[in-house]
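Below is the file start10.txt, which contains compact mmCIF, C-alpha atoms.
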# COMPACT_ATOMS: atom_id res chain seq x y z
CA MET A 1267 -10.86 14.90 -69.57
CA LEU A 1268 -8.36 13.75 -66.97
CA GLU A 1269 -4.90 15.16 -66.69
CA LYS A 1270 -2.21 13.48 -64.58
CA LYS A 1271 0.06 15.69 -62.48
CA GLY A 1272 2.45 13.84 -60.21
CA LYS A 1273 0.58 11.12 -58.29
CA PHE A 1274 -2.90 12.72 -58.56
CA PHE A 1275 -5.44 12.94 -61.37
CA PHE A 1276 -7.02 16.32 -62.20
CA THR A 1277 -10.22 17.12 -64.04
CA GLY A 1278 -10.55 19.77 -66.67
CA THR A 1279 -11.08 22.37 -63.94
CA GLY A 1280 -7.58 21.75 -62.62
CA LYS A 1281 -8.89 20.45 -59.24
CA PRO A 1282 -7.88 17.00 -58.02
CA ASP A 1283 -10.57 14.35 -58.32
CA LYS A 1284 -11.47 13.16 -54.76
CA LEU A 1285 -12.28 9.61 -55.85
CA MET A 1286 -8.96 9.27 -57.62
CA ILE A 1287 -7.08 10.62 -54.58
CA LYS A 1288 -8.90 8.18 -52.30
CA GLN A 1289 -8.06 5.25 -54.57
CA GLY A 1290 -4.47 6.38 -54.84
CA ASN A 1291 -4.14 6.65 -51.06
CA SER A 1292 -5.66 3.18 -50.62
CA LEU A 1293 -3.13 1.71 -53.02
CA GLY A 1294 -0.34 3.48 -51.16
CA VAL A 1295 -1.48 2.14 -47.78
CA LYS A 1296 -1.87 -1.34 -49.24
CA SER A 1297 1.66 -1.18 -50.62
CA ILE A 1298 3.06 -0.16 -47.23
CA LEU A 1299 1.16 -2.94 -45.45
CA GLU A 1300 2.45 -5.50 -47.95
CA ARG A 1301 6.01 -4.43 -47.17
CA ILE A 1302 5.74 -4.58 -43.37
CA SER A 1303 3.37 -7.56 -43.07
CA PRO A 1304 6.19 -10.16 -42.97
CA LEU A 1305 7.31 -8.60 -39.69
CA PHE A 1306 4.02 -9.65 -38.08
CA GLN A 1307 3.78 -13.13 -39.58
CA THR A 1308 6.36 -14.68 -37.22
CA PRO A 1309 4.50 -16.39 -34.38
CA VAL A 1310 5.42 -15.14 -30.93
CA ASP A 1311 6.02 -17.76 -28.27
CA GLU A 1312 3.49 -17.59 -25.43
CA GLU A 1313 6.22 -17.49 -22.82
CA LYS A 1314 7.85 -14.61 -24.64
CA LYS A 1315 4.56 -12.70 -24.48
CA GLY A 1316 4.36 -13.51 -20.79
CA LEU A 1317 7.84 -12.08 -20.22
CA PHE A 1318 6.84 -8.85 -21.95
CA TYR A 1319 3.77 -8.45 -19.73
CA GLY A 1320 5.84 -9.39 -16.68
CA ILE A 1321 8.49 -6.76 -17.42
CA LEU A 1322 5.81 -4.08 -17.66
CA ALA A 1323 4.34 -5.24 -14.34
CA VAL A 1324 7.74 -5.18 -12.62
CA ILE A 1325 8.45 -1.62 -13.78
CA LEU A 1326 5.08 -0.43 -12.47
CA TRP A 1327 5.60 -2.28 -9.19
CA GLY A 1328 8.89 -0.47 -8.77
CA LEU A 1329 7.12 2.86 -9.20
CA THR A 1330 4.49 1.78 -6.66
CA PHE A 1331 7.13 1.49 -3.91
CA ILE A 1332 7.60 5.26 -4.08
CA PHE A 1333 3.88 5.94 -3.57
CA VAL A 1334 3.69 3.49 -0.66
CA LYS A 1335 6.80 4.97 0.96
CA LYS A 1336 5.32 8.47 0.77
CA GLY A 1337 1.79 7.44 1.70
CA VAL A 1338 2.65 5.82 5.03
CA GLU A 1339 4.32 9.07 6.11
CA TYR A 1340 0.86 10.68 6.35
CA SER A 1341 -1.36 7.80 7.52
CA HIS A 1342 -1.24 4.58 9.50
CA PRO A 1343 -0.10 1.80 7.11
CA LEU A 1344 -3.40 -0.10 7.35
CA VAL A 1345 -5.38 3.10 6.79
CA PHE A 1346 -3.24 3.86 3.75
CA THR A 1347 -4.01 0.42 2.31
CA LEU A 1348 -7.72 1.09 2.86
CA PHE A 1349 -7.44 4.42 1.01
CA ARG A 1350 -5.62 2.63 -1.77
CA LEU A 1351 -8.25 -0.08 -2.23
CA ALA A 1352 -11.35 2.07 -1.65
CA VAL A 1353 -10.80 3.80 -5.00
CA ALA A 1354 -12.26 0.68 -6.64
CA LEU A 1355 -15.58 0.67 -4.72
CA PRO A 1356 -17.58 2.92 -7.09
CA LEU A 1357 -16.15 1.08 -10.10
CA MET A 1358 -17.61 -2.22 -8.83
CA LEU A 1359 -21.09 -0.93 -9.72
CA PHE A 1360 -20.25 -0.91 -13.42
CA PHE A 1361 -18.11 -4.03 -13.87
CA ARG A 1362 -18.70 -7.69 -13.01
CA PRO A 1363 -15.99 -10.37 -13.45
CA LYS A 1364 -16.65 -13.94 -14.54
CA GLN A 1365 -15.06 -15.58 -11.50
CA SER A 1366 -17.16 -16.75 -8.56
CA LEU A 1367 -17.37 -14.57 -5.48
CA VAL A 1368 -15.68 -17.25 -3.35
CA VAL A 1369 -12.62 -17.34 -5.63
CA LEU A 1370 -12.44 -13.54 -5.75
CA ILE A 1371 -12.58 -13.26 -1.96
CA GLY A 1372 -9.90 -15.94 -1.51
CA VAL A 1373 -7.49 -14.28 -3.92
CA THR A 1374 -8.27 -10.88 -2.40
CA VAL A 1375 -7.46 -11.94 1.15
CA ILE A 1376 -4.18 -13.64 0.21
CA TRP A 1377 -2.78 -11.77 -2.79
CA ASN A 1378 -4.07 -8.22 -2.27
CA LEU A 1379 -4.58 -7.78 1.46
CA GLY A 1380 -1.80 -10.13 2.48
CA SER A 1381 0.99 -8.63 0.41
CA PHE A 1382 -0.21 -4.99 0.59
CA ASN A 1383 -0.79 -4.93 4.34
CA PHE A 1384 2.47 -6.67 5.16
CA MET A 1385 4.38 -4.28 2.91
CA ALA A 1386 2.65 -1.21 4.35
CA LEU A 1387 3.30 -2.42 7.91
CA ALA A 1388 6.96 -3.04 7.05
CA MET A 1389 7.45 0.48 5.72
CA GLY A 1390 5.57 1.80 8.74
CA GLN A 1391 8.27 0.12 10.85
CA GLY A 1392 10.93 2.11 9.01
CA VAL A 1393 12.00 -0.45 6.40
CA ASN A 1394 13.26 1.47 3.38
CA ALA A 1395 12.00 0.73 -0.11
CA SER A 1396 15.20 -0.96 -1.29
CA THR A 1397 15.43 -3.37 1.65
CA ALA A 1398 11.73 -4.17 1.33
CA ALA A 1399 12.30 -4.90 -2.34
CA PHE A 1400 15.19 -7.22 -1.46
CA LEU A 1401 13.26 -9.40 0.98
CA GLN A 1402 10.25 -9.33 -1.32
CA GLN A 1403 12.37 -11.32 -3.79
CA THR A 1404 12.00 -14.37 -1.57
CA ASN A 1405 8.51 -14.63 -3.07
CA SER A 1406 10.26 -16.07 -6.14
CA LEU A 1407 11.45 -19.00 -4.03
CA PHE A 1408 8.02 -19.49 -2.49
CA LEU A 1409 6.41 -19.25 -5.94
CA ILE A 1410 8.65 -21.98 -7.33
CA LEU A 1411 8.14 -24.15 -4.24
CA PHE A 1412 4.35 -23.80 -4.35
CA SER A 1413 4.26 -24.44 -8.12
CA VAL A 1414 6.28 -27.65 -7.75
CA LEU A 1415 4.19 -28.88 -4.81
CA PHE A 1416 0.69 -27.90 -5.94
CA LEU A 1417 0.83 -27.44 -9.73
CA LYS A 1418 3.38 -30.20 -10.42
CA GLU A 1419 5.57 -27.88 -12.47
CA LYS A 1420 9.09 -29.07 -13.21
CA MET A 1421 12.11 -27.09 -12.08
CA PRO A 1422 14.33 -26.42 -15.11
CA THR A 1423 18.07 -26.98 -14.87
CA SER A 1424 18.75 -23.34 -15.69
CA LEU A 1425 16.97 -22.40 -12.47
CA LEU A 1426 19.41 -24.42 -10.38
CA ILE A 1427 22.19 -22.34 -11.93
CA SER A 1428 20.58 -18.92 -11.91
CA LEU A 1429 18.98 -18.90 -8.44
CA PRO A 1430 22.27 -19.03 -6.48
CA ILE A 1431 23.74 -16.37 -8.77
CA ALA A 1432 20.70 -14.14 -8.28
CA PHE A 1433 20.66 -14.37 -4.50
CA PHE A 1434 24.42 -13.86 -4.32
CA GLY A 1435 23.88 -10.70 -6.35
CA LEU A 1436 21.06 -9.62 -4.04
CA TYR A 1437 23.27 -10.31 -1.03
CA ILE A 1438 25.99 -8.00 -2.40
CA PHE A 1439 23.44 -5.47 -3.64
CA PHE A 1440 22.08 -4.87 -0.15
CA GLY A 1441 25.34 -4.72 1.77
CA GLY A 1442 26.19 -8.34 2.50
CA ALA A 1443 26.57 -9.29 6.16
CA SER A 1444 25.35 -5.90 7.39
CA LEU A 1445 21.88 -6.75 6.11
CA LEU A 1446 21.62 -9.75 8.43
CA LYS A 1447 22.45 -7.62 11.48
CA ASN A 1448 19.32 -5.51 11.10
CA ILE A 1449 16.62 -8.12 11.56
CA SER A 1450 13.48 -6.40 12.85
CA LEU A 1451 9.73 -6.79 12.97
CA GLY A 1452 9.52 -4.78 9.76
CA LEU A 1453 11.64 -7.32 7.89
CA VAL A 1454 9.44 -10.12 9.21
CA PHE A 1455 6.43 -8.26 7.79
CA VAL A 1456 8.15 -8.12 4.39
CA LEU A 1457 8.72 -11.89 4.43
CA GLY A 1458 5.07 -12.39 5.33
CA GLY A 1459 4.14 -10.28 2.33
CA ALA A 1460 6.42 -12.39 0.13
CA VAL A 1461 4.67 -15.61 1.20
CA ALA A 1462 1.23 -14.08 0.63
CA SER A 1463 2.29 -12.71 -2.75
CA ALA A 1464 3.65 -16.06 -3.94
CA PHE A 1465 0.61 -18.04 -2.80
CA GLY A 1466 -1.66 -15.45 -4.39
CA MET A 1467 0.15 -15.90 -7.72
CA LEU A 1468 -0.37 -19.63 -7.37
CA LEU A 1469 -4.12 -19.06 -7.00
CA LEU A 1470 -4.15 -16.82 -10.08
CA LYS A 1471 -2.62 -19.63 -12.11
CA LYS A 1472 -4.73 -22.35 -10.50
CA PHE A 1473 -8.06 -20.63 -11.24
CA LYS A 1474 -6.88 -19.30 -14.64
CA MET A 1475 -7.67 -15.71 -13.71
CA LYS A 1476 -6.92 -13.54 -16.73
CA GLY A 1477 -5.96 -9.92 -16.43
CA THR A 1478 -9.23 -8.09 -17.05
CA PHE A 1479 -10.23 -4.68 -15.76
CA SER A 1480 -13.35 -6.04 -14.05
CA THR A 1481 -11.34 -8.69 -12.19
CA VAL A 1482 -8.73 -6.32 -10.76
CA VAL A 1483 -11.42 -3.79 -9.81
CA TRP A 1484 -13.33 -6.40 -7.82
CA LEU A 1485 -10.18 -7.73 -6.17
CA SER A 1486 -9.43 -4.21 -4.95
CA GLY A 1487 -13.01 -3.36 -4.01
CA LEU A 1488 -13.49 -6.55 -2.01
CA GLY A 1489 -10.17 -5.82 -0.38
CA ALA A 1490 -11.48 -2.44 0.80
CA LEU A 1491 -14.63 -4.02 2.26
CA ILE A 1492 -12.55 -6.60 4.16
CA GLN A 1493 -9.91 -4.05 5.14
CA ALA A 1494 -12.40 -1.63 6.73
CA PRO A 1495 -13.28 -3.75 9.82
CA LEU A 1496 -9.60 -4.71 10.15
CA VAL A 1497 -8.67 -1.04 10.35
CA TRP A 1498 -11.50 -0.28 12.77
CA GLY A 1499 -10.53 -3.12 15.10
CA SER A 1500 -6.75 -2.71 15.15
CA VAL A 1501 -5.91 0.95 14.53
CA PRO A 1502 -6.26 3.55 17.34
CA ARG A 1503 -9.28 5.79 16.75
CA GLU A 1504 -7.19 8.96 16.68
CA GLU A 1505 -5.19 7.54 13.75
CA ILE A 1506 -8.26 6.69 11.65
CA VAL A 1507 -8.46 10.06 9.95
CA PHE A 1508 -8.75 11.15 6.35
CA SER A 1509 -5.46 12.43 5.00
CA ALA A 1510 -5.57 14.07 1.59
CA PRO A 1511 -1.87 13.43 0.80
CA SER A 1512 -2.13 9.78 1.86
CA PHE A 1513 -5.30 9.34 -0.19
CA GLY A 1514 -3.57 10.94 -3.17
CA TYR A 1515 -0.60 8.58 -2.91
CA GLY A 1516 -3.09 5.75 -2.45
CA VAL A 1517 -4.77 6.65 -5.73
CA GLY A 1518 -1.37 6.61 -7.44
CA ALA A 1519 -0.54 3.20 -5.98
CA PHE A 1520 -3.99 1.93 -6.96
CA VAL A 1521 -3.67 2.97 -10.59
CA LEU A 1522 -0.09 1.74 -11.02
CA SER A 1523 -0.24 -1.49 -9.03
CA ASN A 1524 -3.85 -2.58 -8.52
CA ILE A 1525 -4.93 -1.79 -12.07
CA PHE A 1526 -2.14 -1.74 -14.66
CA SER A 1527 0.50 -3.86 -12.93
CA SER A 1528 -2.08 -6.43 -11.78
CA ILE A 1529 -3.53 -6.76 -15.28
CA PHE A 1530 -0.09 -7.23 -16.84
CA TRP A 1531 1.05 -9.67 -14.15
CA MET A 1532 -2.12 -11.79 -14.36
CA LYS A 1533 -1.57 -12.09 -18.11
CA ALA A 1534 2.05 -13.07 -17.48
CA VAL A 1535 1.02 -15.73 -14.95
CA GLN A 1536 -1.22 -17.44 -17.49
CA LEU A 1537 1.36 -17.34 -20.31
CA SER A 1538 4.66 -18.04 -18.54
CA LYS A 1539 6.06 -20.70 -16.27
CA SER A 1540 6.77 -19.90 -12.65
CA ALA A 1541 10.51 -20.29 -13.27
CA SER A 1542 10.45 -17.44 -15.78
CA LEU A 1543 8.34 -15.21 -13.54
CA SER A 1544 10.71 -15.75 -10.62
CA HIS A 1545 13.56 -14.26 -12.66
CA LEU A 1546 11.48 -11.18 -13.42
CA LEU A 1547 10.87 -10.65 -9.72
CA PHE A 1548 14.63 -10.47 -9.18
CA LEU A 1549 14.69 -7.28 -11.25
CA ILE A 1550 12.41 -5.30 -8.91
CA PRO A 1551 15.28 -4.03 -6.68
CA LEU A 1552 17.06 -2.70 -9.76
CA VAL A 1553 13.91 -0.88 -10.84
CA VAL A 1554 13.43 0.59 -7.36
CA LEU A 1555 17.08 1.68 -7.20
CA ALA A 1556 16.82 3.34 -10.60
CA ILE A 1557 13.72 5.22 -9.46
CA ASP A 1558 15.40 6.21 -6.19
CA PHE A 1559 18.38 7.50 -8.18
CA PHE A 1560 16.56 9.40 -10.94
CA VAL A 1561 13.52 10.59 -8.96
CA LEU A 1562 14.61 10.87 -5.32
CA GLY A 1563 18.30 11.60 -5.89
CA ALA A 1564 19.66 8.55 -4.04
CA HIS A 1565 23.32 7.60 -4.48
CA ILE A 1566 24.39 4.42 -6.27
CA GLN A 1567 27.15 2.55 -4.46
CA THR A 1568 29.69 0.04 -5.74
CA ASP A 1569 27.75 -2.78 -4.06
CA HIS A 1570 24.73 -1.83 -6.14
CA LEU A 1571 26.67 -2.05 -9.39
CA ILE A 1572 28.35 -5.38 -8.59
CA GLY A 1573 25.22 -6.97 -7.14
CA GLY A 1574 23.10 -5.66 -9.99
CA ALA A 1575 25.46 -7.24 -12.51
CA PHE A 1576 25.01 -10.65 -10.87
CA ILE A 1577 21.22 -10.21 -10.80
CA ILE A 1578 21.13 -9.35 -14.50
CA LEU A 1579 23.43 -12.29 -15.27
CA ALA A 1580 21.13 -14.67 -13.37
CA SER A 1581 18.03 -13.41 -15.15
CA SER A 1582 19.70 -13.61 -18.55
CA VAL A 1583 20.43 -17.33 -18.04
CA ARG A 1584 16.71 -18.04 -18.18
CA PHE A 1585 15.79 -15.36 -20.71
CA VAL A 1586 18.44 -16.43 -23.23
CA LYS A 1587 17.14 -19.98 -23.08
CA ILE A 1588 13.61 -18.79 -23.85
CA PHE A 1589 14.71 -16.63 -26.78
CA LYS A 1590 16.88 -19.44 -28.20
CA LYS A 1591 13.84 -21.69 -28.03
CA GLN A 1592 11.84 -19.07 -29.93
CA VAL A 1593 14.48 -18.78 -32.67
CA SER A 1594 14.89 -22.54 -33.11
CA SER A 1595 11.12 -23.12 -33.24
CA GLY A 1596 10.74 -20.31 -35.77
So that I can check it, write out the structure of this file as structure tokens.
Amino acid sequence: MLEKKGKFFFTGTGKPDKLMIKQGNSLGVKSILERISPLFQTPVDEEKKGLFYGILAVILWGLTFIFVKKGVEYSHPLVFTLFRLAVALPLMLFFRPKQSLVVLIGVTVIWNLGSFNFMALAMGQGVNASTAAFLQQTNSLFLILFSVLFLKEKMPTSLLISLPIAFFGLYIFFGGASLLKNISLGLVFVLGGAVASAFGMLLLKKFKMKGTFSTVVWLSGLGALIQAPLVWGSVPREEIVFSAPSFGYGVGAFVLSNIFSSIFWMKAVQLSKSASLSHLLFLIPLVVLAIDFFVLGAHIQTDHLIGGAFIILASSVRFVKIFKKQVSSG
């Protein structure tokens, strides 16, 4: 004989019947799912998904600047990049991407080695993380230019409005005219990295390279194989030494940037238009500044606040348009 006590059924022994409890729990879970299921029935715009992945990538890229800045203090910049990429070599034995070897090598040379080496060389010349992040934003201009020329993408009207606002904000953010007085070889290296980064993103989109673990592992591993003779031929022998701290920072940069950030960004490239991605790139200096402030104890100046406000305003011009499109289509 069954006796009901509360939400459970008990047998004559007074112990709850396991089958009845299981059925009751299933009904409870089903009821909860029925209540929350409408929240997941609204289709999410592909570009909105791309923005989400892009934001994650930008945050991780900002964190990577700290590892690069610390790593080049212990090793030659090119050696540090080799340490960073060599982490992927053993992983290549267990994963094989779908892309052809020619495509992987091309993207590796331009996107990985180009941007990473230029950035490492720039910081080796004494360029601080914030200034490097500022000039790196020119890759948004190169990305838009390359997309219009080679992928025939259209430039939205909102971009003509937001780009001047964004660069005015960046100009204020980094000290205005004083920034232009400090042109050096390091800043030229940063611009070179921006061009390589933008063209690499173009190749990702052109060859429809999705963000998979096997793909990013092979891009890094091939980069290490190509980087090794470059290091041997250009770095003085006495500077080609193993440095445990530099290798440790290289591992951190590898995990944050080469794995997670690369996967998220490659997904964003396939889902979003170049115009949207360019606005995300503008946010990198703000991420780096926030990390400098909360982690390294850097001071935030008035220029940072005013310039940051203009950068956020410029990015919101494009983002609001995307979200309005999502609401109207829904």
Distance in Å - CA of Phe1434 (chain A) versus CA of Leu1468 (chain A)
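Distance reported for this atom pair: 25.6 Å.
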List the spatial neighbours of Lys1474 (chain A) as an MDAnalysis selection string - criterion: any atom at most 9 Å away, all atoms listed in the file, same-chain residues fewer than 6 positions off excluded.
chainID A and resid 1532 1535:1536
Distance query Phe1585 (chain A) at most 10 Å, only C-alpha atoms, self and fewer than 6 positions along chain excluded, as an MDAnalysis selection string
chainID A and resid 1314 1317 1424 1542 1545:1546 1579 1591
Set the distance at 8 Å and use all atoms listed in the file: which residues neighbour Phe1479 (chain A) once local chain neighbours fewer than 4 positions away are removed? I'd like the list as number ranges by chain.
A: 1483, 1525, 1529
Quick one, how far is CA of Gln1567 (chain A) from CA of Val1454 (chain A)?
25.7 Å
d(CA of Asn1524 (chain A), CA of Ile1492 (chain A)) in Å:
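Value for the CA of Asn1524 (chain A)-CA of Ile1492 (chain A) distance: 15.9 Å.
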Pick out the closest residue to Leu1537 (chain A) from this set: A:Gly1477, A:Gly1573, A:Pro1502, A:Gly1489. Count only C-alpha atoms.
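Ranked by minimum distance to Leu1537 (chain A), first place goes to A:Gly1477.
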Expected residue set, 10 Å radius at (-5.3, -10.7, -0.5), all atoms listed in the file, as a list in words
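The answer, in the requested form, is Leu1370, Ile1371, Gly1372, Val1373, Thr1374, Val1375, Ile1376, Trp1377, Asn1378, Leu1379, Gly1380, Ser1381, Phe1382, Asn1383, Gly1459, Ala1462, Ser1463, Phe1465, Gly1466, Leu1485, Ser1486, Leu1488, Gly1489, Ile1492 and Gln1493 of chain A.
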Near region 1344-1368 of chain A, 12 Å: region 1474-1587 of chain A residue rows, closest pairs, only C-alpha atoms, as a tab-separated table:
residue	atom	partner	partner_atom	distance
A:Lys1474	CA	A:Gln1365	CA	9.5
A:Met1475	CA	A:Gln1365	CA	7.7
A:Lys1476	CA	A:Gln1365	CA	9.9
A:Gly1477	CA	A:Pro1363	CA	10.5
A:Thr1478	CA	A:Pro1363	CA	8.0
A:Phe1479	CA	A:Phe1361	CA	8.1
A:Ser1480	CA	A:Pro1363	CA	5.1
A:Thr1481	CA	A:Pro1363	CA	5.1
A:Val1482	CA	A:Pro1363	CA	8.7
A:Val1483	CA	A:Ala1354	CA	5.5
A:Trp1484	CA	A:Met1358	CA	6.1
A:Leu1485	CA	A:Ala1354	CA	8.7
A:Ser1486	CA	A:Leu1351	CA	5.1
A:Gly1487	CA	A:Leu1355	CA	4.8
A:Leu1488	CA	A:Leu1355	CA	8.0
A:Gly1489	CA	A:Leu1351	CA	6.3
A:Ala1490	CA	A:Leu1351	CA	5.0
A:Leu1491	CA	A:Ala1352	CA	7.9
A:Ile1492	CA	A:Leu1348	CA	9.2
A:Gln1493	CA	A:Leu1348	CA	6.0
A:Ala1494	CA	A:Leu1348	CA	6.7
A:Pro1495	CA	A:Leu1348	CA	10.1
A:Leu1496	CA	A:Leu1344	CA	8.2
A:Val1497	CA	A:Leu1344	CA	6.1
A:Trp1498	CA	A:Val1345	CA	9.2
A:Gly1499	CA	A:Leu1344	CA	11.0
A:Ser1500	CA	A:Leu1344	CA	8.9
A:Val1501	CA	A:Leu1344	CA	7.7
A:Pro1502	CA	A:Val1345	CA	10.6
A:Arg1503	CA	A:Val1345	CA	11.0
A:Glu1504	CA	A:Val1345	CA	11.6
A:Glu1505	CA	A:Val1345	CA	8.3
A:Ile1506	CA	A:Val1345	CA	6.7
A:Val1507	CA	A:Val1345	CA	8.2
A:Phe1508	CA	A:Phe1349	CA	8.7
A:Ser1509	CA	A:Phe1346	CA	8.9
A:Ala1510	CA	A:Phe1349	CA	9.8
A:Pro1511	CA	A:Phe1346	CA	10.1
A:Ser1512	CA	A:Phe1346	CA	6.3
A:Phe1513	CA	A:Phe1349	CA	5.5
A:Gly1514	CA	A:Phe1349	CA	8.7
A:Tyr1515	CA	A:Arg1350	CA	7.9
A:Gly1516	CA	A:Arg1350	CA	4.1
A:Val1517	CA	A:Arg1350	CA	5.7
A:Gly1518	CA	A:Arg1350	CA	8.1
A:Ala1519	CA	A:Arg1350	CA	6.6
A:Phe1520	CA	A:Arg1350	CA	5.5
A:Val1521	CA	A:Arg1350	CA	9.0
A:Leu1522	CA	A:Arg1350	CA	10.8
A:Ser1523	CA	A:Arg1350	CA	9.9
A:Asn1524	CA	A:Leu1351	CA	8.1
A:Ile1525	CA	A:Ala1354	CA	9.5
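For the choices A:Leu1401, A:Leu1429, A:Ile1332, A:Ile1438, the atom-to-atom distance to Phe1559 (chain A) is smallest for A:Ile1332 when using only C-alpha atoms.
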